>>> print(open('structure01.cif').read())   # mmCIF, C-alpha atoms and all ligand atoms
data_upload
loop_
_atom_site.label_atom_id
_atom_site.label_comp_id
_atom_site.auth_asym_id
_atom_site.auth_seq_id
_atom_site.Cartn_x
_atom_site.Cartn_y
_atom_site.Cartn_z
CA MET A 90 22.52 -32.86 0.14
CA THR A 91 23.29 -31.10 3.39
CA LYS A 92 23.80 -27.36 3.66
CA THR A 93 25.49 -25.52 6.51
CA VAL A 94 24.87 -21.91 7.47
CA ARG A 95 27.30 -20.35 9.92
CA VAL A 96 25.81 -17.87 12.38
CA ASP A 97 28.67 -15.49 12.96
CA LEU A 98 28.52 -14.28 16.54
CA GLY A 99 32.15 -14.36 17.66
CA GLU A 100 32.67 -16.89 20.41
CA ARG A 101 28.96 -17.69 20.34
CA ALA A 102 29.07 -18.62 16.63
CA TYR A 103 27.40 -21.88 15.61
CA ASP A 104 26.23 -23.91 12.61
CA ILE A 105 22.76 -24.47 11.27
CA VAL A 106 22.74 -27.72 9.33
CA VAL A 107 19.87 -28.20 6.88
CA GLY A 108 19.11 -31.44 5.06
CA GLU A 109 17.29 -34.74 4.85
CA ARG A 110 17.25 -37.50 7.50
CA LEU A 111 19.47 -35.52 9.85
CA LEU A 112 17.76 -37.02 12.90
CA ASN A 113 19.17 -40.43 12.04
CA LYS A 114 22.65 -38.92 11.88
CA ALA A 115 22.19 -36.59 14.84
CA GLY A 116 24.83 -38.43 16.89
CA ASP A 117 27.56 -37.55 14.38
CA TYR A 118 26.80 -33.85 14.72
CA ILE A 119 26.14 -33.79 18.45
CA GLU A 120 28.94 -36.01 19.77
CA PRO A 121 31.77 -33.47 19.33
CA LEU A 122 29.73 -30.81 21.14
CA VAL A 123 28.82 -32.88 24.18
CA PRO A 124 32.00 -34.23 25.79
CA SER A 125 30.06 -35.17 28.96
CA LYS A 126 27.85 -37.46 26.84
CA LYS A 127 24.83 -36.41 28.90
CA VAL A 128 21.80 -34.75 27.34
CA ILE A 129 18.20 -34.10 28.27
CA ILE A 130 15.78 -33.93 25.37
CA VAL A 131 12.72 -31.70 25.70
CA SER A 132 9.90 -32.37 23.23
CA ASP A 133 6.13 -32.19 22.98
CA GLU A 134 3.73 -35.13 22.88
CA THR A 135 3.06 -34.89 19.13
CA VAL A 136 6.66 -34.53 18.01
CA ALA A 137 7.90 -37.14 20.48
CA ARG A 138 5.44 -39.68 19.08
CA PHE A 139 6.82 -39.20 15.57
CA TYR A 140 10.51 -38.52 16.10
CA LEU A 141 11.88 -39.05 19.61
CA HIS A 142 12.97 -42.66 19.02
CA ARG A 143 15.01 -41.65 15.96
CA LEU A 144 16.92 -39.12 18.00
CA THR A 145 17.51 -41.36 21.03
CA ASN A 146 18.69 -44.21 18.77
CA ALA A 147 21.08 -41.89 16.96
CA LEU A 148 22.50 -40.66 20.28
CA GLU A 149 22.82 -44.18 21.65
CA GLU A 150 24.94 -45.16 18.66
CA LYS A 151 27.47 -42.62 19.94
CA GLN A 152 27.10 -43.69 23.58
CA ILE A 153 25.41 -40.41 24.48
CA ARG A 154 23.08 -40.96 27.44
CA SER A 155 19.76 -39.20 26.94
CA ARG A 156 16.75 -38.62 29.15
CA SER A 157 13.56 -37.05 27.88
CA VAL A 158 11.01 -34.64 29.23
CA ILE A 159 7.78 -34.59 27.23
CA VAL A 160 5.43 -31.63 27.61
CA LYS A 161 2.01 -30.87 26.12
CA ALA A 162 1.91 -29.51 22.57
CA GLY A 163 0.83 -25.93 22.00
CA GLU A 164 1.44 -22.33 23.01
CA GLY A 165 -0.02 -22.99 26.51
CA THR A 166 3.25 -24.74 27.32
CA LYS A 167 5.02 -21.38 27.22
CA SER A 168 3.23 -20.32 30.44
CA LEU A 169 5.12 -19.48 33.62
CA GLU A 170 3.43 -22.38 35.32
CA SER A 171 4.51 -25.02 32.80
CA PHE A 172 7.96 -23.45 32.70
CA GLY A 173 8.15 -23.91 36.49
CA ASN A 174 7.12 -27.54 36.15
CA LEU A 175 9.71 -28.09 33.44
CA MET A 176 12.48 -26.62 35.60
CA GLU A 177 11.57 -28.89 38.53
CA THR A 178 11.42 -31.93 36.22
CA LEU A 179 14.80 -31.05 34.73
CA LEU A 180 16.31 -30.66 38.22
CA GLU A 181 14.88 -34.04 39.20
CA GLN A 182 17.21 -35.54 36.56
CA LYS A 183 20.18 -34.20 38.55
CA PRO A 184 21.78 -32.22 35.72
CA ASP A 185 25.20 -30.64 36.15
CA ARG A 186 26.86 -27.70 34.39
CA HIS A 187 27.94 -30.05 31.58
CA THR A 188 24.46 -31.33 30.81
CA THR A 189 23.19 -30.20 27.40
CA LEU A 190 19.50 -29.67 26.65
CA ILE A 191 18.14 -30.62 23.24
CA ALA A 192 14.95 -28.96 21.99
CA LEU A 193 13.11 -31.35 19.65
CA GLY A 194 10.01 -29.65 18.27
CA GLY A 195 8.57 -26.41 16.94
CA GLY A 196 9.06 -22.84 18.12
CA VAL A 197 7.25 -23.46 21.38
CA ILE A 198 9.70 -26.18 22.40
CA GLY A 199 12.68 -24.17 21.12
CA ASP A 200 11.71 -21.01 23.00
CA LEU A 201 10.87 -22.88 26.21
CA THR A 202 13.93 -25.13 26.19
CA GLY A 203 16.27 -22.33 25.21
CA PHE A 204 15.02 -20.23 28.09
CA ALA A 205 15.27 -23.18 30.48
CA ALA A 206 18.86 -23.77 29.31
CA SER A 207 19.72 -20.13 29.92
CA VAL A 208 18.73 -20.30 33.59
CA LEU A 209 19.19 -23.96 34.58
CA LEU A 210 22.13 -23.99 37.04
CA ARG A 211 22.76 -20.40 35.80
CA GLY A 212 23.08 -21.55 32.22
CA VAL A 213 23.81 -24.77 30.34
CA ASN A 214 24.32 -25.46 26.65
CA PHE A 215 21.50 -26.32 24.29
CA ILE A 216 20.94 -27.66 20.80
CA GLN A 217 17.92 -26.98 18.61
CA ILE A 218 16.29 -29.61 16.43
CA PRO A 219 13.41 -27.64 14.92
CA THR A 220 10.59 -29.70 13.37
CA THR A 221 8.18 -27.07 12.01
CA LEU A 222 8.90 -24.93 8.96
CA LEU A 223 8.44 -21.82 11.11
CA SER A 224 11.04 -22.96 13.61
CA GLN A 225 13.45 -24.07 10.87
CA VAL A 226 13.43 -20.70 9.11
CA ASP A 227 12.83 -18.38 12.00
CA SER A 228 12.61 -19.20 15.70
CA SER A 229 15.64 -21.51 15.91
CA VAL A 230 17.89 -18.82 14.42
CA GLY A 231 19.09 -15.86 16.44
CA GLY A 232 19.03 -16.94 20.07
CA LYS A 233 15.85 -15.31 21.31
CA THR A 234 14.27 -17.55 23.93
CA GLY A 235 11.31 -16.97 26.15
CA ILE A 236 7.92 -17.66 27.61
CA ASN A 237 4.64 -15.80 27.91
CA SER A 238 3.14 -13.73 30.71
CA ARG A 239 -0.49 -12.85 31.24
CA PHE A 240 0.63 -9.38 30.12
CA GLY A 241 1.71 -10.63 26.72
CA LYS A 242 3.70 -13.06 24.60
CA ASN A 243 7.47 -13.60 25.00
CA LEU A 244 7.78 -10.98 27.75
CA ILE A 245 9.96 -13.19 29.94
CA GLY A 246 13.09 -14.40 28.20
CA SER A 247 16.73 -14.13 27.38
CA PHE A 248 19.20 -14.17 24.54
CA HIS A 249 20.86 -17.59 24.62
CA GLN A 250 22.49 -18.96 21.47
CA PRO A 251 22.43 -22.72 20.79
CA LEU A 252 25.56 -24.80 20.09
CA LEU A 253 24.02 -26.18 16.92
CA VAL A 254 20.78 -26.21 14.96
CA LEU A 255 19.80 -29.33 13.01
CA ALA A 256 16.94 -28.59 10.61
CA ASP A 257 15.78 -31.96 9.26
CA VAL A 258 13.44 -31.40 6.30
CA SER A 259 12.37 -35.04 6.55
CA THR A 260 10.27 -34.09 9.59
CA LEU A 261 8.06 -31.74 7.57
CA PRO A 262 5.76 -34.25 5.81
CA THR A 263 3.89 -34.93 9.07
CA LEU A 264 3.33 -31.23 9.72
CA PRO A 265 -0.28 -30.09 9.11
CA LYS A 266 -0.59 -28.04 5.89
CA ARG A 267 -1.79 -24.96 7.79
CA GLU A 268 1.36 -24.99 9.94
CA LEU A 269 3.49 -25.45 6.82
CA MET A 270 1.93 -22.39 5.18
CA ALA A 271 2.31 -20.36 8.38
CA GLY A 272 6.03 -21.14 8.23
CA TYR A 273 6.12 -20.26 4.55
CA ALA A 274 4.93 -16.74 5.37
CA GLU A 275 8.08 -16.19 7.48
CA MET A 276 10.17 -17.62 4.62
CA VAL A 277 8.80 -15.37 1.88
CA LYS A 278 9.24 -12.48 4.33
CA TYR A 279 13.03 -12.62 3.78
CA GLY A 280 12.47 -12.00 0.07
CA PHE A 281 10.22 -9.05 0.88
CA ILE A 282 12.70 -7.54 3.36
CA ASN A 283 15.90 -7.37 1.33
CA ASP A 284 16.27 -10.25 -1.11
CA PRO A 285 14.31 -9.72 -4.35
CA GLU A 286 16.23 -12.58 -6.05
CA PHE A 287 15.01 -14.97 -3.36
CA PHE A 288 11.44 -13.79 -3.92
CA ALA A 289 11.83 -14.34 -7.66
CA TRP A 290 13.20 -17.84 -6.94
CA LEU A 291 10.18 -18.55 -4.75
CA GLU A 292 7.85 -17.33 -7.49
CA GLY A 293 9.35 -20.05 -9.67
CA HIS A 294 9.75 -22.85 -7.13
CA ALA A 295 7.52 -22.41 -4.07
CA ALA A 296 4.55 -24.35 -5.44
CA ALA A 297 6.68 -27.47 -6.12
CA MET A 298 8.52 -27.02 -2.84
CA LEU A 299 5.32 -26.80 -0.82
CA SER A 300 3.99 -29.91 -2.57
CA GLY A 301 6.88 -31.90 -1.15
CA ASP A 302 10.09 -31.33 -3.12
CA VAL A 303 12.58 -31.76 -0.28
CA SER A 304 15.61 -30.63 -2.19
CA LEU A 305 13.98 -27.28 -3.04
CA MET A 306 12.81 -27.08 0.56
CA SER A 307 16.37 -27.59 1.92
CA GLU A 308 17.67 -24.90 -0.37
CA ALA A 309 14.98 -22.41 0.65
CA ILE A 310 15.40 -23.12 4.37
CA ALA A 311 19.17 -22.66 4.16
CA ARG A 312 18.66 -19.38 2.30
CA SER A 313 16.16 -18.19 4.88
CA CYS A 314 18.50 -19.05 7.75
CA ALA A 315 21.34 -17.24 6.01
CA ALA A 316 19.11 -14.18 5.56
CA LYS A 317 18.11 -14.14 9.22
CA ALA A 318 21.65 -14.93 10.38
CA ALA A 319 23.01 -11.98 8.39
CA ILE A 320 20.58 -9.59 10.03
CA VAL A 321 21.12 -11.05 13.51
CA GLY A 322 24.91 -10.96 12.98
CA GLU A 323 24.65 -7.23 12.42
CA ASP A 324 22.34 -6.56 15.37
CA GLU A 325 22.14 -9.46 17.85
CA LYS A 326 20.19 -7.62 20.56
CA GLU A 327 17.74 -5.78 18.30
CA GLN A 328 19.01 -2.23 18.65
CA GLY A 329 18.30 -1.41 14.99
CA VAL A 330 18.26 -3.41 11.76
CA ARG A 331 16.94 -6.62 13.44
CA ALA A 332 13.57 -4.88 13.65
CA LEU A 333 13.24 -5.42 9.87
CA LEU A 334 12.48 -9.05 10.70
CA ASN A 335 9.20 -7.71 12.06
CA PHE A 336 7.99 -6.86 8.56
CA GLY A 337 4.22 -7.50 8.57
CA HIS A 338 4.29 -8.17 12.30
CA THR A 339 2.86 -4.90 13.65
CA PHE A 340 -0.29 -5.39 11.58
CA GLY A 341 -0.19 -9.14 12.18
CA HIS A 342 0.08 -8.86 15.97
CA ALA A 343 -2.96 -6.61 16.10
CA LEU A 344 -4.99 -9.23 14.19
CA GLU A 345 -3.64 -12.01 16.42
CA ALA A 346 -4.50 -10.06 19.57
CA GLU A 347 -8.03 -9.43 18.27
CA THR A 348 -8.52 -13.13 17.52
CA GLY A 349 -7.14 -14.19 20.90
CA PHE A 350 -3.71 -15.67 19.93
CA GLY A 351 -5.27 -19.05 19.24
CA ASP A 352 -6.19 -21.42 16.45
CA THR A 353 -8.46 -18.91 14.71
CA LEU A 354 -5.39 -17.26 13.24
CA LEU A 355 -1.91 -18.80 13.48
CA HIS A 356 1.01 -16.40 13.92
CA GLY A 357 2.34 -17.03 10.40
CA GLU A 358 -1.14 -16.54 8.93
CA ALA A 359 -1.38 -13.20 10.73
CA VAL A 360 2.06 -12.25 9.38
CA ALA A 361 1.03 -13.23 5.84
CA ILE A 362 -1.92 -10.84 6.06
CA GLY A 363 0.17 -8.22 7.89
CA MET A 364 2.72 -8.17 5.06
CA VAL A 365 -0.06 -7.50 2.53
CA MET A 366 -1.23 -4.65 4.77
CA ALA A 367 2.32 -3.25 4.91
CA PHE A 368 2.49 -3.33 1.09
CA ALA A 369 -0.99 -1.80 0.81
CA THR A 370 -0.07 1.04 3.19
CA SER A 371 3.17 1.67 1.32
CA VAL A 372 1.33 1.81 -2.01
CA MET A 373 -1.18 4.26 -0.52
CA MET A 374 1.70 6.43 0.67
CA GLY A 375 3.00 6.49 -2.89
CA ILE A 376 6.35 4.95 -1.94
CA CYS A 377 5.83 1.41 -3.33
CA PRO A 378 5.00 0.61 -6.96
CA GLN A 379 1.57 -0.97 -7.46
CA ALA A 380 3.24 -3.52 -9.79
CA ASP A 381 5.28 -4.92 -6.87
CA PHE A 382 2.15 -5.25 -4.76
CA ASP A 383 0.40 -7.03 -7.64
CA ARG A 384 3.25 -9.54 -7.84
CA VAL A 385 2.92 -10.20 -4.12
CA LEU A 386 -0.82 -10.81 -4.42
CA ALA A 387 -0.35 -13.08 -7.43
CA HIS A 388 2.19 -15.13 -5.48
CA TYR A 389 -0.18 -15.46 -2.53
CA GLN A 390 -2.78 -16.82 -4.95
CA THR A 391 -0.35 -19.30 -6.50
CA VAL A 392 0.79 -20.82 -3.21
CA GLY A 393 -2.46 -20.37 -1.29
CA LEU A 394 -1.35 -17.91 1.39
CA MET A 395 -3.98 -16.00 3.31
CA GLU A 396 -4.09 -12.40 2.10
CA SER A 397 -6.91 -10.64 3.91
CA PRO A 398 -8.34 -10.29 7.41
CA LEU A 399 -11.72 -10.71 5.76
CA SER A 400 -10.99 -14.41 5.35
CA ILE A 401 -11.08 -14.69 9.15
CA ARG A 402 -13.83 -12.30 10.07
CA THR A 403 -16.17 -10.19 7.94
CA SER A 404 -15.77 -7.02 9.96
CA TRP A 405 -13.10 -5.64 12.24
CA SER A 406 -13.02 -2.78 14.71
CA ILE A 407 -10.51 -0.34 13.26
CA SER A 408 -10.15 1.53 16.56
CA ALA A 409 -9.41 -1.72 18.39
CA LEU A 410 -6.66 -2.50 15.86
CA MET A 411 -5.26 1.04 16.14
CA GLU A 412 -5.18 0.59 19.91
CA HIS A 413 -2.84 -2.42 19.52
CA PHE A 414 -0.40 -0.38 17.42
CA THR A 415 -0.19 2.23 20.15
CA ARG A 416 0.91 -0.46 22.61
CA ASP A 417 3.55 -2.04 20.33
CA LYS A 418 6.92 -2.71 22.04
CA LYS A 419 8.82 -1.18 19.10
CA ASN A 420 7.31 2.30 19.54
CA LYS A 421 9.71 5.01 20.65
CA ASP A 422 8.80 8.25 22.45
CA GLY A 423 5.09 7.88 21.72
CA LYS A 424 5.75 7.59 17.96
CA LEU A 425 4.38 4.54 16.14
CA THR A 426 7.04 2.36 14.52
CA PHE A 427 6.22 0.55 11.31
CA ILE A 428 8.20 -1.51 8.84
CA LEU A 429 7.08 -0.35 5.41
CA THR A 430 8.47 -0.97 1.95
CA LYS A 431 9.61 0.82 -1.20
CA GLY A 432 9.02 -2.39 -3.18
CA ILE A 433 9.90 -6.08 -3.10
CA GLY A 434 13.22 -6.42 -1.23
CA LYS A 435 13.16 -2.82 0.01
CA ALA A 436 11.69 -2.83 3.51
CA PHE A 437 12.63 -0.07 5.94
CA ILE A 438 11.88 1.00 9.50
CA THR A 439 10.07 4.27 10.05
CA GLN A 440 8.63 6.39 12.81
CA GLU A 441 7.22 8.85 10.28
CA VAL A 442 3.79 7.42 9.65
CA ASN A 443 0.62 9.33 9.57
CA ARG A 444 -1.98 7.77 11.88
CA ASP A 445 -4.85 8.74 9.56
CA LEU A 446 -3.17 6.99 6.68
CA ILE A 447 -2.68 3.83 8.70
CA ARG A 448 -6.33 4.05 9.73
CA ASP A 449 -7.36 4.38 6.05
CA ALA A 450 -5.21 1.44 5.01
CA LEU A 451 -6.76 -0.66 7.76
CA ALA A 452 -10.25 0.38 6.79
CA ARG A 453 -9.60 -0.69 3.19
CA SER A 454 -8.00 -4.02 4.17
CA CYS A 455 -10.67 -4.77 6.74
CA GLY A 456 -13.62 -3.85 4.58
CA ALA A 457 -14.84 -1.07 6.87
N1 LIG A 501 12.57 -17.15 19.30
C1 LIG A 501 12.21 -16.57 18.19
O1 LIG A 501 12.99 -15.83 17.56
C2 LIG A 501 10.85 -16.84 17.64
C3 LIG A 501 10.54 -16.42 16.34
C4 LIG A 501 9.28 -16.75 15.83
C5 LIG A 501 8.39 -17.47 16.60
N2 LIG A 501 8.72 -17.84 17.86
C6 LIG A 501 7.80 -18.62 18.70
O2 LIG A 501 7.57 -19.85 18.06
C7 LIG A 501 6.31 -20.37 18.48
C8 LIG A 501 5.57 -20.94 17.30
O3 LIG A 501 6.32 -21.98 16.74
P1 LIG A 501 5.66 -23.10 15.84
O4 LIG A 501 4.82 -22.46 14.82
O5 LIG A 501 6.74 -24.01 15.43
O6 LIG A 501 4.61 -23.76 16.84
P2 LIG A 501 4.60 -25.11 17.72
O7 LIG A 501 5.90 -25.37 18.33
O8 LIG A 501 3.42 -24.96 18.62
O9 LIG A 501 4.27 -26.23 16.64
C9 LIG A 501 3.03 -26.21 15.99
C10 LIG A 501 2.30 -27.56 16.12
O10 LIG A 501 2.92 -28.50 15.26
C11 LIG A 501 3.25 -29.70 15.96
N3 LIG A 501 4.45 -30.22 15.31
C12 LIG A 501 5.71 -29.76 15.40
N4 LIG A 501 6.51 -30.40 14.54
C13 LIG A 501 5.74 -31.32 13.90
C14 LIG A 501 5.99 -32.28 12.89
N5 LIG A 501 7.20 -32.38 12.31
N6 LIG A 501 4.97 -33.06 12.49
C15 LIG A 501 3.73 -32.91 13.02
N7 LIG A 501 3.43 -32.02 13.96
C16 LIG A 501 4.43 -31.22 14.39
C17 LIG A 501 3.43 -29.26 17.39
O11 LIG A 501 3.22 -30.33 18.27
C18 LIG A 501 2.38 -28.16 17.52
O12 LIG A 501 1.13 -28.74 17.79
C19 LIG A 501 5.59 -19.21 19.15
O13 LIG A 501 5.55 -19.43 20.53
C20 LIG A 501 6.45 -18.00 18.83
O14 LIG A 501 6.42 -17.03 19.86
C21 LIG A 501 9.94 -17.54 18.38
ZN ZN A 502 6.96 -14.04 13.17
#
>>> encode(input="structure01.cif", output="structure tokens")
Amino acid sequence: MTKTVRVDLGERAYDIVVGERLLNKAGDYIEPLVPSKKVIIVSDETVARFYLHRLTNALEEKQIRSRSVIVKAGEGTKSLESFGNLMETLLEQKPDRHTTLIALGGGVIGDLTGFAASVLLRGVNFIQIPTTLLSQVDSSVGGKTGINSRFGKNLIGSFHQPLLVLADVSTLPTLPKRELMAGYAEMVKYGFINDPEFFAWLEGHAAAMLSGDVSLMSEAIARSCAAKAAIVGEDEKEQGVRALLNFGHTFGHALEAETGFGDTLLHGEAVAIGMVMAFATSVMMGICPQADFDRVLAHYQTVGLMESPLSIRTSWSISALMEHFTRDKKNKDGKLTFILTKGIGKAFITQEVNRDLIRDALARSCGA
């Protein structure tokens, strides 16, 4: 069964198609969008080894001529230097304004290719074929593209919406379990933000879904995309409500920064812990029922999500973590911005947080 989620952005509107074995049928979806029949696929070495041939075969069936550019796997590929190399390699293929780029891979490939598409010959079309759970529920939706600077992650980028997103759940079985769980954190986040029914559904189905039930997985991915699309549709350029998508991220980013943005702590793992910290802080403030927090913790146990910074490191420097909050991009006029919650499905954005309280919550979560 295939599900389609429409991202409603006026003339930049597009479909996200979620389902099984979509790569094999990719030509059917892509052909109407690429009248020039010329595409360049960008993928990483790992994903290309598993899935590139399926995509090129499917395109060939529709007489779409494809070339491929394969880059190294991993966050390092979002550097300015590898972006420069990618641009030169793309230009070597003599693209024209009608060439379409296809991103085949996780969030790294999507962000890099999307950004390349937004500046190649002053902008060409692109299509996303996300192959990690994180990219299927999060990074491929909403049109943020970008690369990293030595001053921080995603600081160089653009908003550039794709023509189409094909989320093929049949690519997920090869994904390492840790990456799958990191993606799951971003999925359950939508329940925490504003969809308590979705969280309840996940309480009932996530364990089976994460053990390989593809039909449950398709349903949950489509629901996640719809949740993100609704928020992005309201606030494409992040002037307001889109910031809710950062639930758990302020805490999470601080942990990621302290662990060096590497394999010690994946982004989704940091977010999983960050969301627990957001609940814990909200409970301490007396605005979130303890019972909701208990449900969250029980769910983490059931599915095996990381719930504490202590599982990474036995002690943390609270002042170092506080320092990261002070530098957060979302802060306004020197006031810290946090996404807190009044309970499951009731997240909200606030500038009214007491620094001492945040410090206390950190100290409790970090065992200090
Ligand atoms: N643009 C946005 O809105 C947005 C949102 C969230 C995250 N992001 C970005 O997304 C990136 C993280 O994305 P990610 O977690 O997908 O990481 P990733 O792209 O690095 O993929 C993780 C690893 O899994 C491998 N892989 C991918 N698909 C596979 C498959 N089907 N089978 C086996 N291995 C596979 C990759 O080669 C890589 O080694 C970060 O750079 C982050 O900044 C962007
Ligand atoms: Zn995230």
>>> residues_around(input="structure01.cif", residues="Leu223 (chain A)", least_positions_apart="3", cutoff="12 Å", atoms="all atoms listed in the file", output="PyMOL selection string")
chain A and resi 194-197+199+219-220+226-230+256+258+261+264+267-278+310+313-314+355-358+360
>>> closest_residue(input="structure01.cif", among="A:Asn283, A:Thr135, A:Thr391, A:Thr202", to="ligand LIG 501 (chain A)", atoms="all atoms listed in the file")
A:Thr135
>>> closest_residue(input="structure01.cif", among="A:Ser157, A:Tyr118, A:Glu347, A:Tyr103", to="Gly232 (chain A)", atoms="only C-alpha atoms")
A:Tyr103
>>> axis_aligned_box(input="structure01.cif", around="region 336-355 of chain A", padding_each_side="8 Å", output="JSON")
{"center_x": -0.3, "center_y": -13.2, "center_z": 14.7, "size_x": 32.5, "size_y": 32.5, "size_z": 28.3}
>>> residues_around(input="structure01.cif", residues="Phe382 (chain A)", least_positions_apart="6", cutoff="12 Å", atoms="all atoms listed in the file", output="list of chain:residue names")
A:Phe281, A:Met364, A:Val365, A:Met366, A:Ala367, A:Phe368, A:Ala369, A:Thr370, A:Ser371, A:Val372, A:Met373, A:Gly375, A:Ile376, A:His388, A:Tyr389, A:Glu396, A:Thr430, A:Lys431, A:Gly432, A:Ile433, A:Gly434
>>> atom_distance(input="structure01.cif", atom1="CA of Leu429 (chain A)", atom2="CA of Glu286 (chain A)")
19.1 Å
>>> atom_distance(input="structure01.cif", atom1="CA of Leu425 (chain A)", atom2="CA of Lys242 (chain A)")
19.5 Å
>>> atom_distance(input="structure01.cif", atom1="CA of Pro398 (chain A)", atom2="atom C1 of ligand LIG 501 (chain A)")
24.0 Å
>>> closest_residue(input="structure01.cif", among="A:Asn237, A:Thr426, A:Ser454, A:Ser404", to="ligand LIG 501 (chain A)", atoms="only C-alpha atoms and all ligand atoms")
A:Asn237
>>> residues_near_point(input="structure01.cif", point="(-14.4, -7.8, 4.5)", cutoff="12 Å", atoms="only C-alpha atoms", output="ChimeraX atom specification")
/A:396-406,451-457
>>> closest_residue(input="structure01.cif", among="A:Val128, A:Leu210, A:Met90, A:Phe427", to="Glu177 (chain A)", atoms="all atoms listed in the file")
A:Leu210
>>> closest_residue(input="structure01.cif", among="A:Ala315, A:Leu244, A:Leu222, A:Leu305", to="ligand ZN 502 (chain A)", atoms="all atoms listed in the file")
A:Leu222
>>> closest_residue(input="structure01.cif", among="A:Ala332, A:Leu394, A:Ile198, A:Val208", to="ligand ZN 502 (chain A)", atoms="only C-alpha atoms and all ligand atoms")
A:Ala332
>>> residues_around(input="structure01.cif", residues="Phe240 (chain A)", least_positions_apart="5", cutoff="12 Å", atoms="all atoms listed in the file", output="list in words")
Ser168, Leu169, Ile245, Ala346 and Arg416 of chain A
>>> residues_around(input="structure01.cif", residues="Asp133 (chain A)", least_positions_apart="3", cutoff="10 Å", atoms="only C-alpha atoms", output="PDB file with C-alpha atoms, in the frame of the given file")
ATOM      1  CA  VAL A 136       6.660 -34.530  18.010  1.00  0.00           C
ATOM      2  CA  ALA A 137       7.900 -37.140  20.480  1.00  0.00           C
ATOM      3  CA  ARG A 138       5.440 -39.680  19.080  1.00  0.00           C
ATOM      4  CA  LEU A 141      11.880 -39.050  19.610  1.00  0.00           C
ATOM      5  CA  VAL A 158      11.010 -34.640  29.230  1.00  0.00           C
ATOM      6  CA  ILE A 159       7.780 -34.590  27.230  1.00  0.00           C
ATOM      7  CA  VAL A 160       5.430 -31.630  27.610  1.00  0.00           C
ATOM      8  CA  LYS A 161       2.010 -30.870  26.120  1.00  0.00           C
ATOM      9  CA  ALA A 162       1.910 -29.510  22.570  1.00  0.00           C
ATOM     10  CA  GLY A 163       0.830 -25.930  22.000  1.00  0.00           C
ATOM     11  CA  THR A 166       3.250 -24.740  27.320  1.00  0.00           C
ATOM     12  CA  ALA A 192      14.950 -28.960  21.990  1.00  0.00           C
ATOM     13  CA  LEU A 193      13.110 -31.350  19.650  1.00  0.00           C
ATOM     14  CA  GLY A 194      10.010 -29.650  18.270  1.00  0.00           C
ATOM     15  CA  GLY A 195       8.570 -26.410  16.940  1.00  0.00           C
ATOM     16  CA  VAL A 197       7.250 -23.460  21.380  1.00  0.00           C
ATOM     17  CA  ILE A 198       9.700 -26.180  22.400  1.00  0.00           C
TER      18      ILE A 198
END
